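Data block for query.cif (mmCIF, N, CA and C atoms):
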data_protein
loop_
_atom_site.label_atom_id
_atom_site.label_comp_id
_atom_site.auth_asym_id
_atom_site.auth_seq_id
_atom_site.Cartn_x
_atom_site.Cartn_y
_atom_site.Cartn_z
N MET I 1 -2.37 27.12 -25.84
CA MET I 1 -1.61 26.06 -25.19
C MET I 1 -1.05 26.61 -23.87
N SER I 2 -1.33 25.93 -22.78
CA SER I 2 -0.85 26.41 -21.49
C SER I 2 0.41 25.66 -21.08
N GLY I 3 1.25 26.33 -20.31
CA GLY I 3 2.49 25.73 -19.85
C GLY I 3 2.29 25.06 -18.51
N PRO I 4 3.38 24.70 -17.86
CA PRO I 4 3.28 24.05 -16.56
C PRO I 4 2.74 25.01 -15.50
N VAL I 5 2.18 24.46 -14.44
CA VAL I 5 1.70 25.24 -13.30
C VAL I 5 2.91 25.92 -12.67
N VAL I 6 2.77 27.20 -12.34
CA VAL I 6 3.85 27.95 -11.71
C VAL I 6 3.65 27.93 -10.20
N LEU I 7 4.65 27.44 -9.49
CA LEU I 7 4.63 27.35 -8.03
C LEU I 7 5.70 28.25 -7.45
N GLY I 8 5.60 28.51 -6.16
CA GLY I 8 6.62 29.28 -5.45
C GLY I 8 7.74 28.39 -4.95
N TRP I 9 8.71 29.00 -4.29
CA TRP I 9 9.87 28.24 -3.81
C TRP I 9 9.53 27.38 -2.61
N ARG I 10 8.37 27.64 -1.97
CA ARG I 10 7.88 26.78 -0.89
C ARG I 10 6.38 26.62 -1.06
N GLU I 11 5.92 25.39 -0.80
CA GLU I 11 4.51 25.05 -0.97
C GLU I 11 4.13 24.00 0.06
N ARG I 12 2.83 23.77 0.20
CA ARG I 12 2.32 22.69 1.04
C ARG I 12 1.88 21.55 0.12
N LEU I 13 2.19 20.32 0.53
CA LEU I 13 1.82 19.15 -0.25
C LEU I 13 1.32 18.07 0.68
N ALA I 14 0.81 16.99 0.11
CA ALA I 14 0.34 15.84 0.89
C ALA I 14 1.05 14.59 0.40
N LEU I 15 1.24 13.65 1.30
CA LEU I 15 1.80 12.33 1.01
C LEU I 15 0.77 11.30 1.48
N PRO I 16 -0.27 11.08 0.69
CA PRO I 16 -1.39 10.26 1.16
C PRO I 16 -1.04 8.82 1.50
N GLN I 17 -0.12 8.21 0.79
CA GLN I 17 0.25 6.82 1.09
C GLN I 17 0.93 6.70 2.44
N LEU I 18 1.47 7.80 2.93
CA LEU I 18 2.12 7.79 4.24
C LEU I 18 1.19 8.32 5.33
N GLY I 19 -0.02 8.74 4.94
CA GLY I 19 -0.96 9.27 5.92
C GLY I 19 -0.68 10.70 6.31
N ILE I 20 0.04 11.44 5.46
CA ILE I 20 0.40 12.83 5.77
C ILE I 20 -0.49 13.75 4.93
N ALA I 21 -1.40 14.44 5.59
CA ALA I 21 -2.38 15.29 4.92
C ALA I 21 -1.79 16.62 4.47
N GLN I 22 -0.78 17.09 5.18
CA GLN I 22 -0.17 18.37 4.81
C GLN I 22 1.24 18.46 5.36
N LEU I 23 2.15 18.95 4.51
CA LEU I 23 3.55 19.07 4.89
C LEU I 23 4.15 20.23 4.12
N LYS I 24 4.92 21.06 4.80
CA LYS I 24 5.60 22.17 4.11
C LYS I 24 6.83 21.63 3.40
N ALA I 25 7.03 22.08 2.17
CA ALA I 25 8.16 21.61 1.37
C ALA I 25 8.85 22.77 0.69
N LYS I 26 10.16 22.66 0.59
CA LYS I 26 10.95 23.59 -0.21
C LYS I 26 11.09 22.97 -1.59
N LEU I 27 10.79 23.74 -2.62
CA LEU I 27 10.92 23.26 -4.00
C LEU I 27 12.29 23.71 -4.49
N ASP I 28 13.15 22.76 -4.81
CA ASP I 28 14.55 23.05 -5.07
C ASP I 28 14.99 22.45 -6.40
N THR I 29 15.08 23.30 -7.42
CA THR I 29 15.49 22.84 -8.74
C THR I 29 16.98 22.51 -8.79
N GLY I 30 17.72 22.89 -7.76
CA GLY I 30 19.14 22.57 -7.72
C GLY I 30 19.42 21.20 -7.16
N ALA I 31 18.43 20.60 -6.51
CA ALA I 31 18.58 19.26 -5.94
C ALA I 31 17.98 18.24 -6.89
N ARG I 32 18.70 17.19 -7.18
CA ARG I 32 18.18 16.17 -8.09
C ARG I 32 17.04 15.40 -7.44
N SER I 33 17.28 14.89 -6.23
CA SER I 33 16.29 14.03 -5.59
C SER I 33 15.50 14.78 -4.52
N SER I 34 14.40 14.18 -4.13
CA SER I 34 13.56 14.71 -3.07
C SER I 34 13.98 14.05 -1.76
N ALA I 35 13.79 14.78 -0.66
CA ALA I 35 14.21 14.27 0.64
C ALA I 35 13.13 14.57 1.67
N LEU I 36 12.93 13.63 2.59
CA LEU I 36 11.94 13.75 3.65
C LEU I 36 12.63 13.55 4.99
N HIS I 37 12.37 14.46 5.93
CA HIS I 37 12.93 14.31 7.27
C HIS I 37 12.18 13.21 8.02
N VAL I 38 12.93 12.23 8.49
CA VAL I 38 12.34 11.14 9.28
C VAL I 38 13.13 10.95 10.56
N GLU I 39 12.44 10.40 11.53
CA GLU I 39 13.05 10.04 12.80
C GLU I 39 12.81 8.56 13.04
N ALA I 40 13.65 7.94 13.83
CA ALA I 40 13.49 6.53 14.22
C ALA I 40 13.32 5.62 13.01
N LEU I 41 14.24 5.69 12.07
CA LEU I 41 14.18 4.88 10.86
C LEU I 41 14.71 3.47 11.13
N ASP I 42 13.89 2.47 10.82
CA ASP I 42 14.27 1.07 10.98
C ASP I 42 13.88 0.30 9.74
N SER I 43 14.68 -0.70 9.39
CA SER I 43 14.33 -1.58 8.27
C SER I 43 13.92 -2.93 8.85
N PHE I 44 13.03 -3.60 8.11
CA PHE I 44 12.57 -4.92 8.51
C PHE I 44 12.09 -5.67 7.27
N PHE I 45 11.89 -6.97 7.40
CA PHE I 45 11.42 -7.78 6.28
C PHE I 45 9.93 -8.05 6.42
N ARG I 46 9.23 -7.95 5.29
CA ARG I 46 7.82 -8.31 5.22
C ARG I 46 7.60 -8.99 3.88
N ASP I 47 7.12 -10.21 3.93
CA ASP I 47 6.85 -10.99 2.71
C ASP I 47 8.07 -11.05 1.79
N GLY I 48 9.25 -11.20 2.38
CA GLY I 48 10.48 -11.36 1.62
C GLY I 48 11.07 -10.08 1.05
N ALA I 49 10.47 -8.94 1.39
CA ALA I 49 10.97 -7.66 0.89
C ALA I 49 11.39 -6.76 2.06
N VAL I 50 12.29 -5.83 1.78
CA VAL I 50 12.72 -4.88 2.80
C VAL I 50 11.69 -3.75 2.89
N TRP I 51 11.25 -3.48 4.09
CA TRP I 51 10.34 -2.38 4.38
C TRP I 51 11.03 -1.44 5.36
N LEU I 52 10.53 -0.21 5.39
CA LEU I 52 11.08 0.80 6.30
C LEU I 52 9.97 1.31 7.21
N ARG I 53 10.31 1.48 8.48
CA ARG I 53 9.40 2.04 9.47
C ARG I 53 10.05 3.32 9.98
N PHE I 54 9.30 4.40 10.00
CA PHE I 54 9.86 5.69 10.39
C PHE I 54 8.76 6.63 10.88
N THR I 55 9.18 7.72 11.48
CA THR I 55 8.27 8.73 12.00
C THR I 55 8.52 10.04 11.28
N VAL I 56 7.43 10.71 10.91
CA VAL I 56 7.51 12.03 10.26
C VAL I 56 6.77 13.02 11.13
N ARG I 57 7.38 14.17 11.38
CA ARG I 57 6.69 15.25 12.08
C ARG I 57 6.12 16.18 11.03
N ALA I 58 4.80 16.13 10.87
CA ALA I 58 4.13 16.92 9.85
C ALA I 58 3.92 18.37 10.30
N GLY I 59 4.17 18.66 11.57
CA GLY I 59 4.04 20.01 12.11
C GLY I 59 4.95 20.15 13.32
N ARG I 60 4.73 21.18 14.08
CA ARG I 60 5.61 21.46 15.23
C ARG I 60 5.18 20.75 16.51
N ARG I 61 3.91 20.38 16.60
CA ARG I 61 3.40 19.76 17.82
C ARG I 61 3.68 18.25 17.82
N LEU I 62 3.75 17.69 19.01
CA LEU I 62 3.94 16.25 19.15
C LEU I 62 2.79 15.48 18.50
N ALA I 63 1.60 16.07 18.53
CA ALA I 63 0.43 15.42 17.94
C ALA I 63 0.54 15.32 16.42
N ASP I 64 1.44 16.09 15.82
CA ASP I 64 1.62 16.07 14.37
C ASP I 64 2.55 14.96 13.90
N GLU I 65 2.95 14.09 14.83
CA GLU I 65 3.85 12.99 14.52
C GLU I 65 3.06 11.86 13.83
N VAL I 66 3.58 11.40 12.69
CA VAL I 66 2.93 10.34 11.93
C VAL I 66 3.90 9.16 11.82
N ARG I 67 3.45 7.99 12.24
CA ARG I 67 4.27 6.78 12.11
C ARG I 67 3.92 6.12 10.79
N CYS I 68 4.94 5.80 10.03
CA CYS I 68 4.74 5.29 8.66
C CYS I 68 5.52 4.01 8.42
N GLU I 69 5.03 3.25 7.44
CA GLU I 69 5.74 2.10 6.90
C GLU I 69 5.62 2.16 5.39
N ALA I 70 6.70 1.83 4.71
CA ALA I 70 6.70 1.84 3.25
C ALA I 70 7.73 0.83 2.76
N PRO I 71 7.47 0.21 1.61
CA PRO I 71 8.49 -0.69 1.05
C PRO I 71 9.71 0.12 0.62
N ALA I 72 10.88 -0.42 0.88
CA ALA I 72 12.12 0.24 0.45
C ALA I 72 12.26 0.09 -1.06
N LEU I 73 12.60 1.17 -1.71
CA LEU I 73 12.85 1.14 -3.15
C LEU I 73 14.29 0.67 -3.38
N ASP I 74 15.23 1.33 -2.73
CA ASP I 74 16.64 0.93 -2.75
C ASP I 74 17.45 1.86 -1.86
N ARG I 75 18.76 1.65 -1.85
CA ARG I 75 19.69 2.55 -1.15
C ARG I 75 20.57 3.16 -2.21
N ARG I 76 20.77 4.49 -2.11
CA ARG I 76 21.59 5.19 -3.09
C ARG I 76 22.49 6.17 -2.37
N THR I 77 23.58 6.51 -3.03
CA THR I 77 24.47 7.53 -2.50
C THR I 77 23.95 8.89 -2.94
N VAL I 78 23.82 9.79 -1.98
CA VAL I 78 23.34 11.14 -2.23
C VAL I 78 24.42 12.11 -1.77
N THR I 79 24.73 13.09 -2.61
CA THR I 79 25.69 14.13 -2.24
C THR I 79 24.92 15.40 -1.90
N ASP I 80 25.11 15.91 -0.68
CA ASP I 80 24.37 17.09 -0.26
C ASP I 80 25.03 18.37 -0.79
N SER I 81 24.42 19.51 -0.49
CA SER I 81 24.91 20.78 -1.02
C SER I 81 26.30 21.14 -0.49
N GLY I 82 26.71 20.52 0.60
CA GLY I 82 28.04 20.75 1.15
C GLY I 82 29.10 19.82 0.57
N GLY I 83 28.70 18.94 -0.36
CA GLY I 83 29.63 18.02 -1.00
C GLY I 83 29.84 16.72 -0.25
N ARG I 84 29.10 16.49 0.84
CA ARG I 84 29.22 15.25 1.61
C ARG I 84 28.31 14.18 1.03
N SER I 85 28.86 12.99 0.85
CA SER I 85 28.08 11.87 0.29
C SER I 85 27.68 10.91 1.40
N THR I 86 26.42 10.49 1.38
CA THR I 86 25.92 9.50 2.34
C THR I 86 25.01 8.54 1.60
N GLU I 87 24.92 7.34 2.13
CA GLU I 87 24.02 6.36 1.55
C GLU I 87 22.68 6.50 2.27
N ARG I 88 21.59 6.60 1.49
CA ARG I 88 20.26 6.82 2.06
C ARG I 88 19.26 5.82 1.50
N TRP I 89 18.28 5.51 2.33
CA TRP I 89 17.15 4.71 1.88
C TRP I 89 16.23 5.57 1.03
N PHE I 90 15.64 4.97 -0.01
CA PHE I 90 14.66 5.63 -0.85
C PHE I 90 13.35 4.85 -0.82
N ILE I 91 12.25 5.58 -0.88
CA ILE I 91 10.93 5.00 -1.07
C ILE I 91 10.32 5.68 -2.30
N ARG I 92 9.27 5.09 -2.83
CA ARG I 92 8.49 5.76 -3.88
C ARG I 92 7.12 6.01 -3.27
N SER I 93 6.68 7.27 -3.34
CA SER I 93 5.41 7.62 -2.74
C SER I 93 4.64 8.60 -3.62
N GLU I 94 3.34 8.56 -3.49
CA GLU I 94 2.49 9.50 -4.19
C GLU I 94 2.55 10.86 -3.50
N ILE I 95 2.59 11.90 -4.31
CA ILE I 95 2.59 13.28 -3.83
C ILE I 95 1.37 13.97 -4.42
N VAL I 96 0.69 14.77 -3.61
CA VAL I 96 -0.42 15.59 -4.10
C VAL I 96 0.01 17.04 -3.93
N LEU I 97 0.08 17.75 -5.07
CA LEU I 97 0.52 19.14 -5.08
C LEU I 97 -0.15 19.85 -6.24
N ALA I 98 -0.73 21.01 -5.96
CA ALA I 98 -1.34 21.86 -6.99
C ALA I 98 -2.38 21.10 -7.82
N GLY I 99 -3.16 20.26 -7.14
CA GLY I 99 -4.20 19.52 -7.83
C GLY I 99 -3.71 18.35 -8.65
N GLN I 100 -2.43 18.05 -8.59
CA GLN I 100 -1.87 16.91 -9.33
C GLN I 100 -1.44 15.81 -8.37
N ARG I 101 -1.60 14.57 -8.82
CA ARG I 101 -1.13 13.40 -8.08
C ARG I 101 -0.07 12.73 -8.93
N PHE I 102 1.09 12.49 -8.35
CA PHE I 102 2.16 11.84 -9.08
C PHE I 102 3.06 11.12 -8.09
N GLU I 103 3.83 10.17 -8.59
CA GLU I 103 4.77 9.44 -7.74
C GLU I 103 6.17 10.00 -7.90
N ALA I 104 6.93 9.91 -6.82
CA ALA I 104 8.32 10.37 -6.86
C ALA I 104 9.15 9.51 -5.92
N ASP I 105 10.42 9.36 -6.26
CA ASP I 105 11.38 8.71 -5.37
C ASP I 105 11.79 9.73 -4.33
N ILE I 106 11.78 9.32 -3.06
CA ILE I 106 12.07 10.22 -1.94
C ILE I 106 13.10 9.55 -1.05
N ASN I 107 14.18 10.26 -0.73
CA ASN I 107 15.14 9.68 0.20
C ASN I 107 14.76 10.11 1.62
N LEU I 108 15.04 9.22 2.56
CA LEU I 108 14.71 9.44 3.96
C LEU I 108 15.97 9.82 4.69
N THR I 109 15.94 10.97 5.37
CA THR I 109 17.15 11.49 5.98
C THR I 109 16.82 12.35 7.19
N ASP I 110 17.84 12.81 7.87
CA ASP I 110 17.70 13.71 9.00
C ASP I 110 17.79 15.15 8.50
N ARG I 111 16.67 15.85 8.49
CA ARG I 111 16.62 17.25 8.08
C ARG I 111 16.23 18.14 9.25
N ARG I 112 16.47 17.69 10.48
CA ARG I 112 16.00 18.43 11.66
C ARG I 112 16.57 19.84 11.74
N HIS I 113 17.70 20.09 11.11
CA HIS I 113 18.30 21.43 11.16
C HIS I 113 17.90 22.28 9.96
N MET I 114 17.03 21.75 9.14
CA MET I 114 16.55 22.49 7.96
C MET I 114 15.20 23.13 8.30
N LEU I 115 14.85 24.17 7.56
CA LEU I 115 13.59 24.86 7.81
C LEU I 115 12.37 24.07 7.36
N PHE I 116 12.53 23.19 6.37
CA PHE I 116 11.40 22.45 5.82
C PHE I 116 11.64 20.96 5.97
N PRO I 117 10.61 20.22 6.41
CA PRO I 117 10.78 18.78 6.57
C PRO I 117 10.90 18.03 5.25
N MET I 118 10.52 18.68 4.15
CA MET I 118 10.63 18.01 2.85
C MET I 118 11.26 18.94 1.84
N LEU I 119 12.08 18.35 1.00
CA LEU I 119 12.68 19.05 -0.14
C LEU I 119 12.19 18.31 -1.38
N LEU I 120 11.56 19.04 -2.28
CA LEU I 120 11.08 18.45 -3.53
C LEU I 120 12.05 18.83 -4.62
N GLY I 121 12.77 17.84 -5.14
CA GLY I 121 13.83 18.07 -6.12
C GLY I 121 13.36 18.09 -7.55
N ARG I 122 14.29 18.38 -8.44
CA ARG I 122 13.94 18.58 -9.86
C ARG I 122 13.42 17.33 -10.55
N SER I 123 13.81 16.14 -10.11
CA SER I 123 13.28 14.92 -10.72
C SER I 123 11.77 14.83 -10.54
N ALA I 124 11.26 15.27 -9.40
CA ALA I 124 9.81 15.25 -9.15
C ALA I 124 9.11 16.43 -9.82
N LEU I 125 9.80 17.56 -9.96
CA LEU I 125 9.20 18.78 -10.51
C LEU I 125 9.19 18.80 -12.03
N GLN I 126 10.19 18.20 -12.64
CA GLN I 126 10.43 18.29 -14.08
C GLN I 126 9.22 17.88 -14.91
N GLY I 127 8.84 18.75 -15.84
CA GLY I 127 7.74 18.47 -16.74
C GLY I 127 6.36 18.71 -16.14
N ARG I 128 6.31 19.01 -14.84
CA ARG I 128 5.03 19.23 -14.17
C ARG I 128 4.84 20.68 -13.76
N PHE I 129 5.92 21.28 -13.24
CA PHE I 129 5.81 22.60 -12.64
C PHE I 129 6.97 23.49 -13.07
N ALA I 130 6.71 24.80 -13.04
CA ALA I 130 7.77 25.80 -13.16
C ALA I 130 7.83 26.50 -11.80
N ILE I 131 9.02 26.90 -11.40
CA ILE I 131 9.20 27.51 -10.08
C ILE I 131 9.55 28.98 -10.24
N ASP I 132 8.80 29.83 -9.56
CA ASP I 132 9.07 31.27 -9.50
C ASP I 132 9.61 31.55 -8.10
N PRO I 133 10.91 31.78 -7.96
CA PRO I 133 11.50 31.96 -6.62
C PRO I 133 11.04 33.21 -5.89
N SER I 134 10.33 34.11 -6.57
CA SER I 134 9.82 35.30 -5.89
C SER I 134 8.46 35.03 -5.24
N ARG I 135 7.91 33.82 -5.42
CA ARG I 135 6.59 33.49 -4.89
C ARG I 135 6.71 32.38 -3.84
N ALA I 136 5.69 32.30 -2.98
CA ALA I 136 5.63 31.25 -1.96
C ALA I 136 4.17 30.94 -1.66
N TYR I 137 3.90 29.68 -1.35
CA TYR I 137 2.56 29.22 -0.99
C TYR I 137 1.51 29.73 -1.96
N THR I 138 1.67 29.40 -3.21
CA THR I 138 0.75 29.84 -4.25
C THR I 138 -0.53 29.01 -4.29
N GLN I 139 -0.49 27.83 -3.71
CA GLN I 139 -1.61 26.89 -3.77
C GLN I 139 -2.36 26.85 -2.44
N PRO I 140 -3.66 26.55 -2.51
CA PRO I 140 -4.40 26.37 -1.25
C PRO I 140 -3.87 25.16 -0.50
N ARG I 141 -4.10 25.15 0.81
CA ARG I 141 -3.68 24.00 1.62
C ARG I 141 -4.38 22.74 1.13
N PRO I 142 -3.69 21.60 1.13
CA PRO I 142 -4.38 20.36 0.76
C PRO I 142 -5.56 20.14 1.70
N LEU I 143 -6.71 19.79 1.15
CA LEU I 143 -7.91 19.63 1.97
C LEU I 143 -7.79 18.44 2.89
N HIS I 144 -7.38 17.31 2.35
CA HIS I 144 -7.18 16.09 3.13
C HIS I 144 -6.48 15.09 2.23
N ALA I 145 -5.95 14.08 2.85
CA ALA I 145 -5.31 13.01 2.06
C ALA I 145 -5.81 11.68 2.59
N ALA I 146 -6.17 10.81 1.68
CA ALA I 146 -6.57 9.47 2.09
C ALA I 146 -5.36 8.76 2.66
N THR I 147 -5.56 7.99 3.66
CA THR I 147 -4.44 7.27 4.26
C THR I 147 -4.41 5.86 3.70
N ASP I 148 -3.43 5.63 2.83
CA ASP I 148 -3.24 4.32 2.23
C ASP I 148 -2.13 3.55 2.93
N CYS I 149 -1.63 4.10 4.03
CA CYS I 149 -0.47 3.53 4.73
C CYS I 149 -0.83 2.16 5.26
N PRO I 150 -0.01 1.13 4.99
CA PRO I 150 -0.30 -0.22 5.47
C PRO I 150 -0.22 -0.29 6.99
#
Conversion result in structure tokens:
Amino acid sequence: MSGPVVLGWRERLALPQLGIAQLKAKLDTGARSSALHVEALDSFFRDGAVWLRFTVRAGRRLADEVRCEAPALDRRTVTDSGGRSTERWFIRSEIVLAGQRFEADINLTDRRHMLFPMLLGRSALQGRFAIDPSRAYTQPRPLHAATDCP
């Protein structure tokens, strides 16, 4: 009987529904929710539902900028590691990591001062992966991601 896949504290993943083929993420078992750095976040209505339009920088170059739209899941209060609470938009998106595809709730926030544009929290990791903090980038780079972005 094999256990969960063991990953390092940082890995590369894909968000195919958002058109993001590769993104560096910090895997953080201390954080409940997952967070994605976005810029120019706007909400709008489509077919009677709230949608979000935002930009993600998947790399350091301007060409790595991806414009995305996703239905809003809801707004929730999130408390950061400094104890500050803010209300954030959440989306649900598919994640591809270590050969697995799964959905996770992701909050959209400003992480420009953080080293990683994405933080993958314990709600997304639980039951799927074990984290070895002495390791990093244990998985090959995602080959490609289908773009399901509307």
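You will find atom C of Val38 (chain I) at 5.2 Å from atom C of Thr109 (chain I).
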**Study point:** For region 3-18 of chain I: contacts at 8 Å, all atoms listed in the file, fewer than 6 positions along chain excluded, given as JSON, numbers by chain
**Key:** {"I": [24, 25, 26, 27, 28, 66, 67, 68, 69, 70, 93, 94, 95, 96, 97, 98, 127, 128, 129, 130, 131, 132, 133, 134, 135, 136, 137, 138, 139, 140, 141, 142, 144, 145, 146, 147, 148, 149, 150]}
Exercise for review: Extract, using only C-alpha atoms, all DNA, RNA and protein residues at most 10 Å from Gly30 (chain I), discarding same-chain residues fewer than 6 positions from it, and format them as a PyMOL selection string.
Suggested key: chain I and resi 81+120-122
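Each of I:Met114, I:Val50, I:Leu36, I:Ala104 was compared to Pro71 (chain I) using only N, CA and C atoms, and I:Val50 turns out to be the nearest.
Among the candidates I:Val78, I:Ala124, I:Leu108, I:Ala58, the residue lying nearest to Ala21 (chain I) is I:Ala58 (atoms considered: only C-alpha atoms).
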Revision key, fill the gap. Atom C of Gly99 (chain I) sits from CA of Asp80 (chain I) at a separation of 29.3 Å
Practice item. If you run DSSP over the backbone, which residues in region 39-130 of chain I end up strand (DSSP E or B)? Put them as number ranges by chain. Key: I: 39-46, 49-57, 65-71, 74-79, 85-97, 100-109, 118-121, 129-130
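Using only C-alpha atoms, the smallest distance between any of I:Phe102, I:Asn107, I:Leu52, I:Ser34 and Thr77 (chain I) comes from I:Asn107.
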Give me, as a PDB file with N, CA and C atoms, keeping the file's coordinate frame, all polymer residues having an atom no more than 7 Å from Phe90 (chain I), counting only C-alpha atoms and skipping those fewer than 6 positions away in the same chain.
ATOM      1  N   ALA I  72      10.880  -0.420   0.880  1.00  0.00           N
ATOM      2  CA  ALA I  72      12.120   0.240   0.450  1.00  0.00           C
ATOM      3  C   ALA I  72      12.260   0.090  -1.060  1.00  0.00           C
ATOM      4  N   LEU I  73      12.600   1.170  -1.710  1.00  0.00           N
ATOM      5  CA  LEU I  73      12.850   1.140  -3.150  1.00  0.00           C
ATOM      6  C   LEU I  73      14.290   0.670  -3.380  1.00  0.00           C
ATOM      7  N   ASP I  74      15.230   1.330  -2.730  1.00  0.00           N
ATOM      8  CA  ASP I  74      16.640   0.930  -2.750  1.00  0.00           C
ATOM      9  C   ASP I  74      17.450   1.860  -1.860  1.00  0.00           C
ATOM     10  N   ARG I  75      18.760   1.650  -1.850  1.00  0.00           N
ATOM     11  CA  ARG I  75      19.690   2.550  -1.150  1.00  0.00           C
ATOM     12  C   ARG I  75      20.570   3.160  -2.210  1.00  0.00           C
ATOM     13  N   ASP I 105      10.420   9.360  -6.260  1.00  0.00           N
ATOM     14  CA  ASP I 105      11.380   8.710  -5.370  1.00  0.00           C
ATOM     15  C   ASP I 105      11.790   9.730  -4.330  1.00  0.00           C
ATOM     16  N   ILE I 106      11.780   9.320  -3.060  1.00  0.00           N
ATOM     17  CA  ILE I 106      12.070  10.220  -1.940  1.00  0.00           C
ATOM     18  C   ILE I 106      13.100   9.550  -1.050  1.00  0.00           C
ATOM     19  N   ASN I 107      14.180  10.260  -0.730  1.00  0.00           N
ATOM     20  CA  ASN I 107      15.140   9.680   0.200  1.00  0.00           C
ATOM     21  C   ASN I 107      14.760  10.110   1.620  1.00  0.00           C
ATOM     22  N   LEU I 108      15.040   9.220   2.560  1.00  0.00           N
ATOM     23  CA  LEU I 108      14.710   9.440   3.960  1.00  0.00           C
ATOM     24  C   LEU I 108      15.970   9.820   4.690  1.00  0.00           C
TER      25      LEU I 108
END
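Rounded to one decimal, CA of Ser123 (chain I) and atom N of Ala31 (chain I) lie 8.7 Å from each other.
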Once you add 5 Å to each side, what are the centre and edge lengths of the axis-aligned box holding all listed atoms of region 42-58 of chain I? One decimal in Å, as JSON, if you can.
{"center_x": 9.3, "center_y": 3.5, "center_z": 6.5, "size_x": 20.8, "size_y": 39.7, "size_z": 21.2}
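Every protein or nucleic acid residue with an atom no more than 7 Å from Asp42 (chain I), counting all atoms listed in the file and leaving out same-chain residues fewer than 4 positions away, appears here: Trp51, Leu52, Arg53 and Phe54 of chain I.
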Check your understanding: Within 8 Å of Gly59 (chain I), counting only N, CA and C atoms, which residues qualify if same-chain residues fewer than 4 places away don't, as a PyMOL selection string?
Key -> chain I and resi 22-24+63-66
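Across I:Ser2, I:Gln126, I:Met118, I:Arg57, the tightest approach to Ala35 (chain I) is made by I:Met118 when counting only C-alpha atoms.
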Practice item. Could you give me the residues within region 49-138 of chain I that DSSP places in helix (DSSP H, G or I), as number ranges by chain? Key: I: 62-64, 122-125
